[in-house]
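Undergrad: Quick one, target-v5.cif (mmCIF, C-alpha atoms):
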data_data
loop_
_atom_site.label_atom_id
_atom_site.label_comp_id
_atom_site.auth_asym_id
_atom_site.auth_seq_id
_atom_site.Cartn_x
_atom_site.Cartn_y
_atom_site.Cartn_z
CA MET A 1 108.41 82.38 104.38
CA ILE A 2 111.70 81.82 106.22
CA SER A 3 110.07 82.45 109.60
CA GLU A 4 107.28 80.02 108.72
CA PHE A 5 109.84 77.40 107.74
CA ARG A 6 111.71 77.89 111.01
CA SER A 7 108.53 77.57 113.04
CA ARG A 8 107.63 74.33 111.25
CA PHE A 9 111.16 73.06 111.75
CA ARG A 10 111.02 73.79 115.47
CA PHE A 11 107.56 72.26 115.80
CA ARG A 12 108.74 69.09 114.06
CA HIS A 13 111.73 68.74 116.38
CA LEU A 14 109.55 69.46 119.39
CA ARG A 15 107.11 66.76 118.30
CA ARG A 16 109.91 64.25 117.80
CA GLY A 17 111.32 65.14 121.19
CA LEU A 18 107.98 64.54 122.90
CA VAL A 19 107.58 61.18 121.16
CA GLY A 20 111.11 60.20 122.18
CA VAL A 21 110.47 61.12 125.80
CA ALA A 22 107.22 59.14 125.83
CA LEU A 23 108.93 56.05 124.41
CA ALA A 24 111.78 56.40 126.91
CA VAL A 25 109.26 56.50 129.76
CA LEU A 26 107.59 53.34 128.42
CA VAL A 27 110.98 51.60 128.21
CA ALA A 28 111.64 52.56 131.83
CA LEU A 29 108.26 51.27 132.96
CA GLU A 30 108.80 47.96 131.15
CA GLY A 31 112.23 47.68 132.74
CA LEU A 32 110.72 48.10 136.20
CA ASN A 33 108.70 44.95 135.50
CA ALA A 34 111.90 42.90 135.92
CA PRO A 35 112.30 41.05 139.25
CA HIS A 36 115.83 42.35 139.95
CA PRO A 37 117.29 45.89 139.74
CA ALA A 38 120.23 44.72 137.61
CA MET A 39 117.88 43.06 135.14
CA ALA A 40 115.68 46.18 135.07
CA ALA A 41 118.69 48.40 134.34
CA ALA A 42 119.91 46.07 131.58
CA THR A 43 116.44 46.03 129.99
CA MET A 44 116.28 49.83 130.07
CA VAL A 45 119.75 50.17 128.52
CA SER A 46 118.94 47.68 125.75
CA GLY A 47 115.66 49.44 124.95
CA MET A 48 117.29 52.88 124.92
CA LEU A 49 120.02 51.67 122.57
CA CYS A 50 117.42 50.36 120.12
CA LEU A 51 115.52 53.67 120.23
CA ALA A 52 118.73 55.66 119.83
CA ALA A 53 119.72 53.60 116.78
CA LEU A 54 116.54 54.79 115.06
CA ALA A 55 117.50 58.45 115.49
CA VAL A 56 121.21 58.43 114.60
CA PRO A 57 122.44 59.98 111.31
CA GLU A 58 122.80 57.84 108.21
CA ARG A 59 126.58 57.51 108.48
CA LEU A 60 126.27 55.95 111.97
CA PHE A 61 123.12 53.95 111.42
CA VAL A 62 124.52 50.55 110.41
CA ARG A 63 126.99 50.31 113.28
CA SER A 64 124.48 51.61 115.81
CA ALA A 65 121.72 49.28 114.62
CA ILE A 66 123.93 46.18 114.61
CA GLY A 67 125.32 47.12 118.03
CA ALA A 68 121.84 47.63 119.50
CA ALA A 69 120.62 44.33 118.00
CA ALA A 70 123.66 42.52 119.40
CA VAL A 71 123.12 43.96 122.91
CA SER A 72 119.43 43.01 122.76
CA CYS A 73 120.21 39.46 121.63
CA VAL A 74 122.89 38.97 124.30
CA LEU A 75 120.51 40.22 126.99
CA THR A 76 117.78 37.86 125.77
CA VAL A 77 120.14 34.86 125.87
CA ALA A 78 121.36 35.83 129.35
CA GLU A 79 117.86 36.30 130.77
CA ALA A 80 116.70 33.03 129.21
CA GLN A 81 119.18 31.20 131.49
CA LEU A 82 117.78 32.75 134.68
CA SER A 83 115.08 31.19 136.77
CA GLU A 84 113.36 34.50 137.54
CA ARG A 85 112.29 36.57 134.52
CA PRO A 86 109.77 39.32 133.84
CA PRO A 87 106.26 37.88 134.32
CA ASN A 88 104.37 39.54 131.45
CA THR A 89 106.38 41.77 129.04
CA PRO A 90 109.76 41.20 127.39
CA GLY A 91 109.98 44.85 126.27
CA MET A 92 107.43 45.62 123.58
CA VAL A 93 108.89 49.07 122.82
CA GLU A 94 112.25 47.44 122.18
CA LEU A 95 110.55 44.87 119.95
CA GLY A 96 108.93 47.62 117.90
CA ALA A 97 112.26 49.47 117.65
CA LEU A 98 114.02 46.33 116.36
CA LEU A 99 111.36 45.86 113.68
CA LEU A 100 111.68 49.51 112.66
CA LEU A 101 115.45 49.07 112.41
CA THR A 102 114.75 46.34 109.90
CA THR A 103 112.54 48.68 107.86
CA ARG A 104 115.03 51.54 107.93
CA GLY A 105 117.88 49.24 106.94
CA VAL A 106 116.00 47.92 103.92
CA ARG A 107 114.99 51.45 102.94
CA ARG A 108 118.32 53.24 103.31
CA CYS A 109 121.20 50.77 103.13
CA PRO A 110 122.85 49.08 100.14
CA PRO A 111 121.62 45.52 99.54
CA LEU A 112 124.49 43.67 101.30
CA ARG A 113 124.42 45.89 104.37
CA ALA A 114 120.64 45.78 104.43
CA ALA A 115 120.70 41.97 104.38
CA GLY A 116 123.12 41.81 107.30
CA LEU A 117 121.13 44.37 109.25
CA VAL A 118 117.87 42.49 108.61
CA VAL A 119 119.40 39.27 109.93
CA ALA A 120 120.71 40.98 113.08
CA SER A 121 117.65 43.07 113.99
CA SER A 122 115.00 40.53 112.99
CA GLY A 123 116.88 37.75 114.80
CA ALA A 124 116.97 39.85 117.98
CA ALA A 125 113.25 40.58 117.57
CA VAL A 126 112.31 36.92 117.07
CA VAL A 127 114.10 35.68 120.22
CA LEU A 128 113.02 38.66 122.36
CA PRO A 129 109.95 36.83 123.85
CA LEU A 130 112.32 34.33 125.53
CA ARG A 131 112.94 36.95 128.24
CA ILE A 132 109.57 36.37 129.90
CA GLU A 133 108.34 33.40 131.90
CA LEU A 134 107.16 30.43 129.88
CA TRP A 135 103.68 30.78 128.41
CA ASP A 136 103.50 27.16 127.32
CA ASP A 137 102.38 27.08 123.71
CA HIS A 138 101.58 30.80 123.65
CA LEU A 139 105.29 31.64 123.70
CA LYS A 140 105.91 29.55 120.57
CA GLU A 141 102.91 31.15 118.90
CA LEU A 142 104.22 34.64 119.65
CA ILE A 143 107.66 33.80 118.26
CA THR A 144 106.04 32.29 115.16
CA VAL A 145 103.92 35.39 114.57
CA ILE A 146 106.96 37.65 114.83
CA ALA A 147 109.06 35.49 112.51
CA VAL A 148 106.40 34.69 109.93
CA CYS A 149 104.29 37.86 109.91
CA ALA A 150 105.94 40.86 111.58
CA VAL A 151 109.46 40.56 110.13
CA PRO A 152 108.38 39.93 106.48
CA PHE A 153 105.84 42.74 106.76
CA MET A 154 108.48 45.23 107.92
CA VAL A 155 110.81 44.11 105.12
CA VAL A 156 108.07 44.69 102.56
CA VAL A 157 107.37 48.11 104.07
CA GLY A 158 111.07 48.96 103.75
CA LEU A 159 111.11 47.85 100.11
CA CYS A 160 108.03 49.95 99.35
CA LEU A 161 109.60 53.00 100.98
CA ARG A 162 112.83 52.36 99.07
CA LEU A 163 110.88 52.27 95.81
CA TYR A 164 109.04 55.44 96.79
CA ASP A 165 112.34 57.21 97.52
CA THR A 166 113.72 56.11 94.14
CA LEU A 167 110.69 57.39 92.26
CA ARG A 168 110.73 60.66 94.19
CA GLU A 169 114.43 61.17 93.45
CA ARG A 170 113.78 60.56 89.76
CA GLU A 171 110.97 63.09 89.86
CA ARG A 172 113.22 65.64 91.55
CA GLU A 173 115.92 65.02 88.95
CA ALA A 174 113.38 65.48 86.17
CA ILE A 175 112.28 68.76 87.76
CA ARG A 176 115.91 69.90 88.09
CA GLN A 177 116.55 68.99 84.45
CA ALA A 178 113.48 70.94 83.37
CA GLN A 179 114.69 73.91 85.42
CA ARG A 180 118.13 73.71 83.82
CA LEU A 181 116.56 73.68 80.36
CA GLU A 182 114.37 76.64 81.29
CA HIS A 183 117.38 78.60 82.57
CA ALA A 184 119.30 77.71 79.39
CA ARG A 185 116.44 79.02 77.27
CA GLU A 186 116.21 82.19 79.35
CA LEU A 187 119.94 82.77 79.05
CA HIS A 188 119.83 82.28 75.30
CA ASP A 189 116.74 84.46 74.86
CA PHE A 190 118.17 87.48 76.64
CA VAL A 191 121.96 87.39 76.63
CA ALA A 192 122.36 86.02 73.09
CA HIS A 193 119.94 88.65 71.81
CA HIS A 194 121.97 91.52 73.26
CA VAL A 195 125.37 90.00 72.46
CA THR A 196 124.31 89.55 68.83
CA ALA A 197 123.43 93.24 68.74
CA ILE A 198 126.86 94.12 70.12
CA VAL A 199 128.59 91.98 67.48
CA ALA A 200 126.51 93.49 64.66
CA GLN A 201 127.19 97.04 65.81
CA THR A 202 130.90 96.37 66.21
CA LYS A 203 131.08 94.89 62.71
CA ALA A 204 129.32 97.94 61.32
CA ALA A 205 131.82 100.26 63.03
CA ARG A 206 134.81 98.25 61.75
CA PHE A 207 133.39 98.14 58.24
CA THR A 208 132.91 101.88 58.23
CA ALA A 209 136.44 102.45 59.51
CA ALA A 210 137.96 99.98 57.03
CA ALA A 211 136.18 101.66 54.12
CA GLY A 212 137.99 104.88 54.93
CA ASN A 213 134.80 106.87 55.33
CA PRO A 214 135.28 109.74 57.74
CA GLN A 215 132.99 109.61 60.74
CA SER A 216 131.79 112.61 62.66
CA PRO A 217 132.17 112.56 66.43
CA GLU A 218 128.38 112.46 66.70
CA ASP A 219 128.08 109.32 64.56
CA LEU A 220 130.91 107.64 66.43
CA ASP A 221 129.37 108.56 69.77
CA ARG A 222 125.98 107.22 68.64
CA MET A 223 127.45 103.86 67.59
CA LEU A 224 129.42 103.51 70.82
CA ALA A 225 126.33 104.45 72.82
CA GLN A 226 124.35 101.68 71.11
CA ILE A 227 127.09 99.16 71.90
CA GLU A 228 127.22 100.37 75.49
CA ARG A 229 123.45 100.07 75.86
CA ALA A 230 123.39 96.55 74.44
CA GLY A 231 126.25 95.54 76.74
CA SER A 232 124.46 97.00 79.77
CA GLN A 233 121.29 95.12 78.85
CA ALA A 234 123.23 91.85 78.48
CA LEU A 235 124.91 92.42 81.84
CA GLY A 236 121.58 93.18 83.47
CA SER A 237 120.04 90.04 81.99
CA MET A 238 122.89 87.88 83.22
CA ARG A 239 122.79 89.47 86.69
CA ALA A 240 119.05 88.84 86.92
CA MET A 241 119.55 85.24 85.81
CA VAL A 242 122.22 84.65 88.47
CA THR A 243 119.90 86.21 91.05
CA SER A 244 117.15 83.88 89.90
CA LEU A 245 119.42 80.87 90.31
CA ARG A 246 120.47 81.95 93.80
CA ASP A 247 117.00 82.73 95.10
CA HIS A 248 114.33 81.77 92.59
CA ALA A 249 111.39 82.75 94.78
CA THR A 250 112.68 86.25 95.51
CA ALA A 251 113.96 86.86 92.00
CA SER A 252 110.70 85.86 90.34
CA ALA A 253 108.80 88.37 92.42
CA THR A 254 111.24 91.27 92.36
CA THR A 255 113.81 91.01 89.56
CA ARG A 256 113.44 90.14 85.90
CA PRO A 257 116.02 90.12 83.12
CA THR A 258 116.16 93.24 81.00
CA GLY A 259 113.41 93.13 78.44
CA ASP A 260 111.64 90.22 80.16
CA PRO A 261 107.89 90.70 79.97
CA ALA A 262 107.18 87.64 82.08
CA GLY A 263 106.51 89.33 85.36
CA PRO A 264 103.83 88.03 87.72
CA CYS A 265 101.18 88.90 85.17
CA GLY A 266 103.18 88.50 81.99
CA LEU A 267 102.29 90.45 78.87
CA GLY A 268 98.76 91.49 78.11
CA GLY A 269 96.89 93.93 75.94
CA LEU A 270 98.54 97.23 75.05
CA ARG A 271 101.37 96.74 77.53
CA GLY A 272 102.68 93.75 75.56
CA LEU A 273 102.23 95.56 72.23
CA ARG A 274 104.41 98.42 73.46
CA ASP A 275 107.14 95.97 74.45
CA LEU A 276 107.08 94.40 70.99
CA ARG A 277 107.21 97.79 69.33
CA VAL A 278 110.23 98.80 71.43
CA LEU A 279 111.88 95.48 70.51
CA THR A 280 111.42 96.03 66.77
CA GLU A 281 112.53 99.66 66.98
CA GLU A 282 115.74 98.71 68.76
CA PHE A 283 116.36 96.05 66.13
CA SER A 284 115.85 98.54 63.29
CA GLU A 285 118.50 100.86 64.73
CA VAL A 286 121.35 98.42 63.98
CA GLY A 287 119.86 96.05 61.43
CA PRO A 288 117.32 95.77 58.64
CA ALA A 289 114.15 97.79 59.01
CA ALA A 290 111.63 95.83 61.07
CA GLU A 291 107.92 96.54 60.69
CA LEU A 292 105.45 95.47 63.35
CA ILE A 293 101.92 94.76 62.08
CA LEU A 294 99.31 94.15 64.77
CA ALA A 295 95.77 93.04 64.10
CA PRO A 296 93.28 95.70 65.28
CA GLU A 297 91.21 93.13 67.19
CA LEU A 298 94.15 92.46 69.52
CA ALA A 299 94.37 96.05 70.75
CA ASP A 300 91.61 95.56 73.32
CA ARG A 301 92.01 91.83 73.86
CA PRO A 302 94.35 90.91 76.74
CA LEU A 303 96.58 87.93 76.10
CA PRO A 304 97.06 85.11 78.59
CA PRO A 305 100.34 85.66 80.50
CA GLY A 306 102.04 82.49 79.25
CA VAL A 307 101.00 83.09 75.64
CA ALA A 308 102.05 86.74 75.76
CA THR A 309 105.49 85.82 77.08
CA THR A 310 105.86 83.24 74.33
CA VAL A 311 104.91 85.83 71.69
CA HIS A 312 107.69 88.08 72.94
CA ARG A 313 110.20 85.19 72.87
CA VAL A 314 109.22 84.20 69.33
CA VAL A 315 109.71 87.73 68.03
CA GLN A 316 112.94 88.23 69.97
CA GLU A 317 114.53 84.95 68.86
CA SER A 318 113.43 85.43 65.25
CA LEU A 319 114.94 88.93 65.09
CA THR A 320 118.14 87.62 66.65
CA ASN A 321 118.39 84.91 63.98
CA VAL A 322 117.77 87.48 61.24
CA ARG A 323 120.63 89.58 62.60
CA LYS A 324 122.94 86.57 62.75
CA HIS A 325 122.06 84.61 59.63
CA ALA A 326 119.99 86.60 57.12
CA THR A 327 122.65 87.85 54.73
CA GLY A 328 121.52 90.80 52.65
CA ALA A 329 118.18 91.20 54.41
CA GLY A 330 116.74 94.69 53.96
CA ARG A 331 113.34 94.33 55.62
CA VAL A 332 111.74 92.23 58.33
CA GLU A 333 108.00 91.94 58.81
CA VAL A 334 106.58 90.96 62.19
CA ARG A 335 102.88 90.21 61.94
CA ILE A 336 100.68 89.26 64.90
CA GLY A 337 97.00 88.51 64.46
CA VAL A 338 94.19 86.05 64.92
CA ARG A 339 94.53 82.94 62.76
CA PRO A 340 92.20 83.07 59.75
CA GLY A 341 89.26 80.73 60.23
CA ASP A 342 90.15 80.02 63.88
CA PRO A 343 89.39 82.93 66.22
CA GLU A 344 90.77 81.03 69.21
CA ARG A 345 94.30 80.76 67.78
CA LEU A 346 96.95 83.46 67.52
CA GLU A 347 99.49 83.64 64.70
CA VAL A 348 102.95 85.17 65.13
CA SER A 349 104.79 85.51 61.83
CA VAL A 350 108.32 86.84 61.30
CA VAL A 351 109.52 87.08 57.68
CA ASP A 352 112.74 88.49 56.24
CA ASP A 353 113.77 89.08 52.65
CA GLY A 354 117.33 87.82 52.82
CA GLN A 355 118.72 86.92 49.43
CA GLY A 356 119.48 83.35 48.53
CA GLY A 357 117.37 81.72 51.25
CA ALA A 358 118.58 80.65 54.65
CA SER A 359 122.22 80.41 55.43
CA PRO A 360 123.78 77.04 56.32
CA ALA A 361 124.10 78.18 59.92
CA ALA A 362 120.40 78.86 60.12
CA GLU A 363 119.54 75.51 58.57
CA ARG A 364 121.76 73.73 61.04
CA SER A 365 120.02 75.46 63.94
CA VAL A 366 116.69 74.14 62.70
CA GLU A 367 118.00 70.63 62.24
CA GLY A 368 119.32 70.45 65.76
CA GLY A 369 122.86 71.82 65.64
CA GLY A 370 121.84 74.99 67.44
CA TYR A 371 119.60 75.67 70.39
CA GLY A 372 117.72 78.87 69.53
CA LEU A 373 114.84 77.50 67.48
CA VAL A 374 114.93 74.20 69.35
CA GLY A 375 114.37 75.94 72.68
CA LEU A 376 111.81 78.23 71.08
CA ALA A 377 109.84 75.25 69.77
CA GLU A 378 109.89 73.72 73.25
CA ARG A 379 108.60 76.95 74.75
CA VAL A 380 105.78 77.18 72.18
CA GLU A 381 104.77 73.58 72.81
CA GLU A 382 104.56 74.28 76.56
CA VAL A 383 101.56 76.55 75.90
CA ASP A 384 99.92 74.03 73.52
CA GLY A 385 101.11 75.77 70.37
CA HIS A 386 103.35 74.74 67.49
CA LEU A 387 106.21 76.38 65.63
CA THR A 388 107.25 76.02 62.01
CA SER A 389 110.19 77.64 60.26
CA GLY A 390 111.94 77.37 56.92
CA PRO A 391 113.10 79.18 53.78
CA ARG A 392 110.60 81.05 51.62
CA ASP A 393 110.22 80.78 47.88
CA GLY A 394 112.27 83.54 46.32
CA GLY A 395 114.53 84.03 49.33
CA GLY A 396 114.29 84.82 52.98
CA TRP A 397 113.20 82.91 56.04
CA HIS A 398 109.80 82.50 57.66
CA VAL A 399 109.03 81.69 61.31
CA LEU A 400 105.39 80.98 62.17
CA ALA A 401 104.07 80.25 65.65
CA VAL A 402 100.43 79.32 66.26
CA LEU A 403 99.36 79.83 69.88
CA PRO A 404 96.06 79.34 71.73
CA LEU A 405 93.91 82.27 72.83
CA ASP A 406 92.28 81.22 76.09
CA ARG A 407 89.21 83.26 76.95
CA THR A 408 89.40 82.21 80.60
CA ALA A 409 92.70 84.08 80.98
CA THR A 410 91.12 87.47 80.18
CA GLU A 411 89.88 88.15 83.72
CA GLU A 412 93.26 87.07 85.15
CA THR A 413 95.15 89.49 82.90
CA ILE A 414 92.76 92.37 83.66
CA ALA A 415 93.27 91.72 87.37
CA CYS A 416 97.03 91.89 86.83
CA ASP A 417 96.65 95.24 85.07
CA HIS A 418 94.81 96.62 88.11
CA ALA A 419 97.35 95.19 90.56
#
The structure given in the file should be rewritten as C-alpha cells.
TA:
Amino acid sequence: MISEFRSRFRFRHLRRGLVGVALAVLVALEGLNAPHPAMAAATMVSGMLCLAALAVPERLFVRSAIGAAAVSCVLTVAEAQLSERPPNTPGMVELGALLLLTTRGVRRCPPLRAAGLVVASSGAAVVLPLRIELWDDHLKELITVIAVCAVPFMVVVGLCLRLYDTLREREREAIRQAQRLEHARELHDFVAHHVTAIVAQTKAARFTAAAGNPQSPEDLDRMLAQIERAGSQALGSMRAMVTSLRDHATASATTRPTGDPAGPCGLGGLRGLRDLRVLTEEFSEVGPAAELILAPELADRPLPPGVATTVHRVVQESLTNVRKHATGAGRVEVRIGVRPGDPERLEVSVVDDGQGGASPAAERSVEGGGYGLVGLAERVEEVDGHLTSGPRDGGGWHVLAVLPLDRTATEETIACDHA
C-alpha cells in the first residue's frame, strides 16, 4: 500500500510538472509575439510570476499573488503608453492565471484578505487586454466580458469550492469523532473488564487476609496467578489499542486486543460459542457462578460478523457490571437464543440475582453518568438492534439485547471459516 501511494504521489507530481512546463512554453511563445525583445522579456516574466503564484505554499500565497498582480498591472499600464504593442494576444495564459488566483484567494483566504486579493488579481485581469493594439469596439467588448462574466464566475467557483472544503472538513471531523468514540468503547470493553477482575481478586485476597484465615501457599499462588493473568490481558489489550491508533490498517489485519473476537471475520458458529464459554468460565473463577445457556438451533447457524462481535460485547460488559455493582449476587445466567415468535432476531439475556435490586452506581450508569451501558447501547444500535436494562422484580439486574439475524451473512461467515 505504501509503494502504491508513493507511485501515485510521484505520478501526480510528474503530471503537474508536465503541465507547468507546457504553460511556461505557452507564456514564452506569447512573449515572442511582442515587437521588442525588452517587451517580450517583460511579458514572459509577468506571466511566469502569475503561474508561480498559483503553485506557492499557502503561507506565501497572498504576498505572491498580490505581487504578481501588481507586476502584471504595471506592465499593462506601461505597454498601453507605447505606440508599438503586440498585434494579437495580450497573454492569455497570464489572464487565465490571474483569474485562477482570484478563485484560489476566495477559496483559501480569510474574507478580508480574499477581498483584497480579488480586487488586485481581477483588476489586473480586466485591464490586461490594453496591452494589444486597438481593436476598436472589440477591445471594449473583451474587457466587458472579463469584468462582467469571467471575474464573477471565478469568484462563484471559489465560493463553491470554499463551501465544499467546509463540508468536507466537517465530514472528516465527524469521522474522527466517531473513531474516537469507537476507540473509547473498545478501551472500556477490554481494559475495564480486566481491571475490574484485578480489583475483585485483590479485594478477595485482602478480605481473606483480614479475616485471619490461614491460606495455603497453593491458594495464595492461585489467587496471585489470576491477578497476574488479568493484568497481562489488560496490558495486552492496551498495547493492541495503541497499535491500532498508530497504524489502524496494519493493526486491524494483524493484531487484536486480548479476547477480541472481531477479527476479519468476527465471531461465527461454534467458534463464537467457545469464546463466550471461556468468558463465562473466567468470570466464574473470581465471581458469582455464571451459566451459559445456548439455544440448540444456534450451534450450526453462523452469526454475521458484526452481530457476533456485539453479542460478545454485550456479555462481556454485562458480566463486568455484575462484578462491579451486583452486591450479593450468587448466580448469573447468560442466555442466547432466537427470539420467540421472530426467527430473524437474536436475544442475548444476562440476569443476576443480586439482592436488593441494582446499586445506585449501576442506576447512574444507565441514566448517563457512566459510559459502559451507554457505549453498549450505541454498539447494539449500530447493527440495527436495541438494548434494554433495568432491575428485576425480587432483586437483581437484567440486560436484554435484541439483534438481527441476517441470512445473507451466512455465506460470508462460512467463507471466513475456510480462510
Undergrad: Rounded to one decimal in Å, what is the spacing between CA of Pro90 in chain A and CA of Pro35 in chain A?
TA: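 Value for the CA of Pro90 in chain A-CA of Pro35 in chain A distance: 12.1 Å.
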Undergrad: Which residues are close to Ser83 in chain A, i.e. within 10 Å by all atoms listed in the file, leaving aside same-chain residues fewer than 3 positions away? Reply as a PyMOL selection string.
TA: chain A and resi 79-80+133
Undergrad: Name every residue that the PyMOL selection byres ((chain A and resi 291) around 10) selects in this structure, writing the answer as a list in words with chains first and numbers rising.
TA: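 Taken on the displayed file, the PyMOL selection byres ((chain A and resi 291) around 10) yields the residues Arg277, Thr280, Glu281, Ser284, Pro288, Ala289, Ala290, Leu292, Ile293, Leu294, Arg331, Val332, Glu333, Val334, Arg335 and Val350 of chain A.
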Undergrad: List as an MDAnalysis selection string the protein and nucleic acid residues near Arg131 in chain A, meaning an atom at most 10 Å away when all atoms listed in the file are counted, but skip any in the same chain fewer than 6 places from it.
TA: chainID A and resid 34 43 75:82 84:91
Undergrad: Selection in question (the file shown): the PyMOL selection byres ((chain A and resi 378) around 12). Which residues does it include, as number ranges by chain?
TA: A: 178, 181-182, 184-185, 310, 313-314, 371-377, 379-388, 401
Undergrad: At a cut-off of 10 Å, using only C-alpha atoms, what residues contact Gly96 in chain A? Leave out same-chain residues fewer than 3 positions from it and give the result as a VMD selection string.
TA: chain A and resid 47 50 to 51 91 to 93 99 to 102 125 150
Undergrad: In Å, rounded to a single decimal, give me how far CA of Leu403 in chain A is from CA of Glu285 in chain A.
TA: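 Computing the Euclidean distance for CA of Glu285 in chain A and CA of Leu403 in chain A yields 28.9 Å.
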Undergrad: Please write the residues picked by the PyMOL selection byres ((chain A and resi 107) around 9) on this file as a short mmCIF file (atom, residue, chain, number, x, y, z; two decimals) with C-alpha atoms, keeping the file's coordinate frame.
TA:
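Below is the file expr05.cif, written as the result:
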data_model
loop_
_atom_site.label_atom_id
_atom_site.label_comp_id
_atom_site.auth_asym_id
_atom_site.auth_seq_id
_atom_site.Cartn_x
_atom_site.Cartn_y
_atom_site.Cartn_z
CA THR A 102 114.75 46.34 109.90
CA THR A 103 112.54 48.68 107.86
CA ARG A 104 115.03 51.54 107.93
CA GLY A 105 117.88 49.24 106.94
CA VAL A 106 116.00 47.92 103.92
CA ARG A 108 118.32 53.24 103.31
CA CYS A 109 121.20 50.77 103.13
CA PRO A 110 122.85 49.08 100.14
CA ALA A 114 120.64 45.78 104.43
CA VAL A 155 110.81 44.11 105.12
CA VAL A 157 107.37 48.11 104.07
CA GLY A 158 111.07 48.96 103.75
CA LEU A 159 111.11 47.85 100.11
CA CYS A 160 108.03 49.95 99.35
CA LEU A 161 109.60 53.00 100.98
CA ARG A 162 112.83 52.36 99.07
CA LEU A 163 110.88 52.27 95.81
CA ASP A 165 112.34 57.21 97.52
#
Undergrad: Which is closer to Met154 in chain A than all the others in A:Ala53, A:Val74, A:Ala97, A:Leu18, using all atoms listed in the file?
TA: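 Of the candidates, the smallest distance to Met154 in chain A is held by A:Ala97.
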Undergrad: If we count all atoms listed in the file and set the cut-off at 7 Å, which residues sit around range 337-349 of chain A, ignoring sequence neighbours fewer than 6 positions away in its own chain? Please answer as a list in words.
TA: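 Result of the neighbour search: Leu294, Ala295, Val311, Val399, Leu400, Ala401, Val402, Leu403, Pro404 and Leu405 of chain A.
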Undergrad: Put those residues in a file: C-alpha atoms, as a PDB file, in the coordinates of the input.
TA:
ATOM      1  CA  LEU A 294      99.310  94.150  64.770  1.00  0.00           C
ATOM      2  CA  ALA A 295      95.770  93.040  64.100  1.00  0.00           C
ATOM      3  CA  VAL A 311     104.910  85.830  71.690  1.00  0.00           C
ATOM      4  CA  VAL A 399     109.030  81.690  61.310  1.00  0.00           C
ATOM      5  CA  LEU A 400     105.390  80.980  62.170  1.00  0.00           C
ATOM      6  CA  ALA A 401     104.070  80.250  65.650  1.00  0.00           C
ATOM      7  CA  VAL A 402     100.430  79.320  66.260  1.00  0.00           C
ATOM      8  CA  LEU A 403      99.360  79.830  69.880  1.00  0.00           C
ATOM      9  CA  PRO A 404      96.060  79.340  71.730  1.00  0.00           C
ATOM     10  CA  LEU A 405      93.910  82.270  72.830  1.00  0.00           C
TER      11      LEU A 405
END
Undergrad: Please report the interatomic distance between CA of Ala204 in chain A and CA of His325 in chain A in Å with one decimal.
TA: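 Distance between the two atoms: 15.3 Å.
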Undergrad: Identify which of the residues A:Gly354, A:Gly116, A:Gly123, A:Gly395 lies closest to Leu95 in chain A, counting all atoms listed in the file when measuring atom-to-atom distances.
TA: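 Closest candidate: A:Gly123.
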Undergrad: Pick the closest to Ala24 in chain A from A:Met44, A:Ala197, A:Ile143, A:Leu279: which is it, counting only C-alpha atoms?
TA: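 For Ala24 in chain A, the nearest of the given residues is A:Met44.
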Undergrad: Around (122.8, 101.1, 72.1) in the file's own coordinates, what residues are found within 12 Å if you use only C-alpha atoms, given back as a list in words?
TA: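 The residues near that point, listed by chain and number, are His194, Val195, Ala197, Ile198, Val199, Ala200, Gln201, Thr202, Leu220, Asp221, Arg222, Met223, Leu224, Ala225, Gln226, Ile227, Glu228, Arg229, Ala230, Gly231, Ser232, Gln233, Ala234, Glu281, Glu282, Phe283, Ser284, Glu285 and Val286 of chain A.
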Undergrad: From the options A:Tyr164, A:Val71, A:Ile66, A:Glu173, which residue's atoms come nearest to Met48 in chain A, counting all atoms listed in the file?
TA: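 For Met48 in chain A, the nearest of the given residues is A:Val71.
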Undergrad: For the structure just given, write the atoms of range 374-381 of chain A, namely N, CA, C and O atoms, as a compact mmCIF listing (two decimals), in the first residue's frame.
TA:
# COMPACT_ATOMS: atom_id res chain seq x y z
N VAL A 374 -24.03 2.90 28.12
CA VAL A 374 -24.27 3.89 27.06
C VAL A 374 -23.54 3.49 25.78
O VAL A 374 -24.11 3.45 24.69
N GLY A 375 -22.25 3.17 25.92
CA GLY A 375 -21.49 2.72 24.76
C GLY A 375 -22.01 1.41 24.21
O GLY A 375 -22.01 1.18 23.00
N LEU A 376 -22.47 0.52 25.11
CA LEU A 376 -23.00 -0.76 24.66
C LEU A 376 -24.29 -0.56 23.86
O LEU A 376 -24.51 -1.21 22.84
N ALA A 377 -25.14 0.35 24.32
CA ALA A 377 -26.37 0.64 23.57
C ALA A 377 -26.05 1.21 22.19
O ALA A 377 -26.70 0.87 21.20
N GLU A 378 -25.03 2.07 22.11
CA GLU A 378 -24.63 2.61 20.81
C GLU A 378 -24.14 1.50 19.89
O GLU A 378 -24.45 1.48 18.70
N ARG A 379 -23.37 0.56 20.45
CA ARG A 379 -22.85 -0.53 19.63
C ARG A 379 -23.99 -1.42 19.13
O ARG A 379 -23.98 -1.86 17.97
N VAL A 380 -24.97 -1.69 19.98
CA VAL A 380 -26.10 -2.52 19.57
C VAL A 380 -26.91 -1.82 18.49
O VAL A 380 -27.36 -2.44 17.52
N GLU A 381 -27.10 -0.52 18.62
CA GLU A 381 -27.87 0.22 17.62
C GLU A 381 -27.15 0.26 16.28
O GLU A 381 -27.80 0.39 15.24
